[in-house]
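Written below as structure tokens is the structure these notes are about.
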Amino acid sequence: MRTVIHLISGDETEQETALAIAENLLADESGSIDGVAVVAQSEGIEALTAGGDHEEQVRSLLDDDVSFSGCSNTLDAMGLDEADLVDGVETVPEGAVEVTRLQDEGYAYLRP
Amino acid sequence: MRTVIHLISGDETEQETALAIAENLLADESGSIDGVAVVAQSEGIEALTAGGDHEEQVRSLLDDDVSFSGCSNTLDAMGLDEADLVDGVETVPEGAVEVTRLQDEGYAYLRP
Amino acid sequence: MRTVIHLISGDETEQETALAIAENLLADESGSIDGVAVVAQSEGIEALTAGGDHEEQVRSLLDDDVSFSGCSNTLDAMGLDEADLVDGVETVPEGAVEVTRLQDEGYAYLRP
């Protein structure tokens with residue numbers, strides 16, 4: 001089973017929960033989780049900025065093969081680009097399309 | 001691929017994000033999005049009221065074949081009816097059942 | 001069709017909406033809803049505590065065969081255990097894994 005976490009909120013608690021859930025999915029002892037993706041857009045993308053509060057945690061999750069995608073439409077609207085995100089976070093044209101695509105591939109959806 | 005957006009929050013930012021995402025899905029250049037539905041219930045239904053802040057945007061999305069459904073249980077609880085919603089927004093008996101039905105038909109789910 | 005409701009928020013309105021939606025799914029007159037599960041984690045688990053504001057409503061939903069699961073990782077982090085939850089609420093090792101598993105079984109996902 002694979003899971004996509006939609007990181008779309010500017011709420012600090014919801015952002016922390018999103019990253020904690022990614023860790024907990026990786027740590028699952030049943031071995032039933034084969035992949036975890038995080039797609040960030042809107043205010044949720046703030047959690048993935050280089051130099052931000054969550055950089056170390058995001059790097060650690062990337063090392064553990066969690067994939068991170070940031071929405072280019074959001075970056076454009078905020079005057080940011082891929083270089084402003086933690087190294088290893090990829091970009092996709094539109095986060096909502098990416099989340100749709102992943103569910104279409106069979107990923108379960110979580111919105112913390 | 002088709003996507004249902006669950007408009008359930010009274011939070012203004014989340015409502016704005018929901019409608020912006022509908023626009024972004026329509027604008028997707030990959031051509032992979034075949035349909036977008038918005039199902040509103042609970043405080044989220046406020047975003048679809050006639051004369052409300054989002055009426056023009058909702059009308060424009062309706063013109064672009066986004067479907068909008070409002071939850072009749074919510075309308076009843078608020079003392080409203082279909083006439084209080086933007087022209088073209090349909091009603092369904094219960095929003096949660098409609099969102100379940102759409103996912104059962106293969107729609108991906110997004111909750112901004 | 002079956003539906004899993006993800007009770008993950010500490011927001012009182014969102015918690016009330018989650019439980020109201022469970023009731024509305026049960027009351028659906030189309031008869032299309034065959035099962036409702038509520039999975040609680042993070043601050044959402046507060047809605048399922050014994051002696052809490054929602055105990056009576058949770059008991060009533062349990063009587064109507066809604067299943068309730070609380071996340072053990074969350075309970076551990078809060079210094080709680082299964083005995084602190086309303087009688088009949090079960091625990092699962094990790095809520096996010098349970099929500100993934102239910103979607104994998106075909107449940108639709110709702111996040112109030």
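FYI, nothing fancy with the structure tokens labels: chains A, B, ... in order, residues from 1 per chain, ligands from 1 as they appear.
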
At a cut-off of 8 Å, can you tabulate as JSON lines every residue of chain A near chain B together with its closest atom pair and the distance in Å to one decimal, using only C-alpha atoms and ordering rows by chain then number?
```
{"residue": "A:Ile8", "atom": "CA", "partner": "B:Pro112", "partner_atom": "CA", "distance": 6.4}
{"residue": "A:Ser9", "atom": "CA", "partner": "B:Pro112", "partner_atom": "CA", "distance": 7.6}
{"residue": "A:Ser42", "atom": "CA", "partner": "B:Thr17", "partner_atom": "CA", "distance": 7.3}
{"residue": "A:Glu94", "atom": "CA", "partner": "B:Asn24", "partner_atom": "CA", "distance": 7.1}
{"residue": "A:Ala96", "atom": "CA", "partner": "B:Ile21", "partner_atom": "CA", "distance": 6.6}
{"residue": "A:Val97", "atom": "CA", "partner": "B:Leu25", "partner_atom": "CA", "distance": 6.3}
{"residue": "A:Val99", "atom": "CA", "partner": "B:Leu110", "partner_atom": "CA", "distance": 7.8}
{"residue": "A:Thr100", "atom": "CA", "partner": "B:Ala108", "partner_atom": "CA", "distance": 5.4}
{"residue": "A:Arg101", "atom": "CA", "partner": "B:Met1", "partner_atom": "CA", "distance": 7.5}
{"residue": "A:Gln103", "atom": "CA", "partner": "B:Ala108", "partner_atom": "CA", "distance": 5.9}
{"residue": "A:Asp104", "atom": "CA", "partner": "B:Ala108", "partner_atom": "CA", "distance": 6.8}
{"residue": "A:Tyr109", "atom": "CA", "partner": "B:Tyr109", "partner_atom": "CA", "distance": 7.5}
{"residue": "A:Arg111", "atom": "CA", "partner": "B:Arg111", "partner_atom": "CA", "distance": 6.9}
```

Would you list, as a PyMOL selection string, the residues of chain B that end up in helix (DSSP H, G or I) under DSSP run on this structure's backbone?
-> chain B and resi 12-26+42-48+55-63+72-78+82-84+95-104

Between atom CA of C:Glu56 and atom CA of C:Ala18, measure the distance and give it in Å to one decimal.
->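 Separating atom CA of C:Glu56 from atom CA of C:Ala18 is a distance of 14.7 Å.
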
Determine the nearest neighbour of C:Gly52 from the options C:Asn73, C:Val86, C:Val66, C:Val38, counting only C-alpha atoms.
-> C:Val86

Once DSSP has gone over the backbone, tell me which residues of chain C are in strand (DSSP E or B), as a compact mmCIF listing (two decimals) with C-alpha atoms, in the first residue's frame.
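Saved to part-v3.txt:
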```
# COMPACT_ATOMS: atom_id res chain seq x y z
CA ARG C 2 -18.20 2.22 2.82
CA THR C 3 -16.65 5.40 4.22
CA VAL C 4 -13.82 6.17 6.59
CA ILE C 5 -13.93 9.47 8.45
CA HIS C 6 -10.52 10.77 9.50
CA LEU C 7 -10.86 12.48 12.87
CA GLY C 35 -20.33 0.72 6.59
CA VAL C 36 -18.85 3.70 8.41
CA ALA C 37 -15.50 3.73 10.21
CA VAL C 38 -14.03 6.58 12.24
CA VAL C 39 -10.26 6.62 12.72
CA ALA C 40 -9.00 9.14 15.27
CA THR C 49 -12.23 10.30 25.44
CA SER C 67 -16.53 1.36 14.15
CA PHE C 68 -14.18 3.66 16.05
CA SER C 69 -10.40 3.25 16.15
CA GLY C 70 -7.96 5.34 18.14
CA CYS C 71 -4.27 5.60 17.25
CA LEU C 85 -11.42 6.17 25.53
CA GLU C 90 -10.71 0.02 19.64
CA THR C 91 -7.09 0.91 19.17
CA VAL C 92 -4.81 0.44 16.20
CA ALA C 108 -14.05 6.30 0.51
CA TYR C 109 -12.22 8.93 2.59
CA LEU C 110 -13.72 11.96 4.28
```

Work out how far apart atom CA of B:Ser72 and atom CA of B:Gly95 are and give it in Å to one decimal.
->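 Distance between the two atoms: 7.7 Å.
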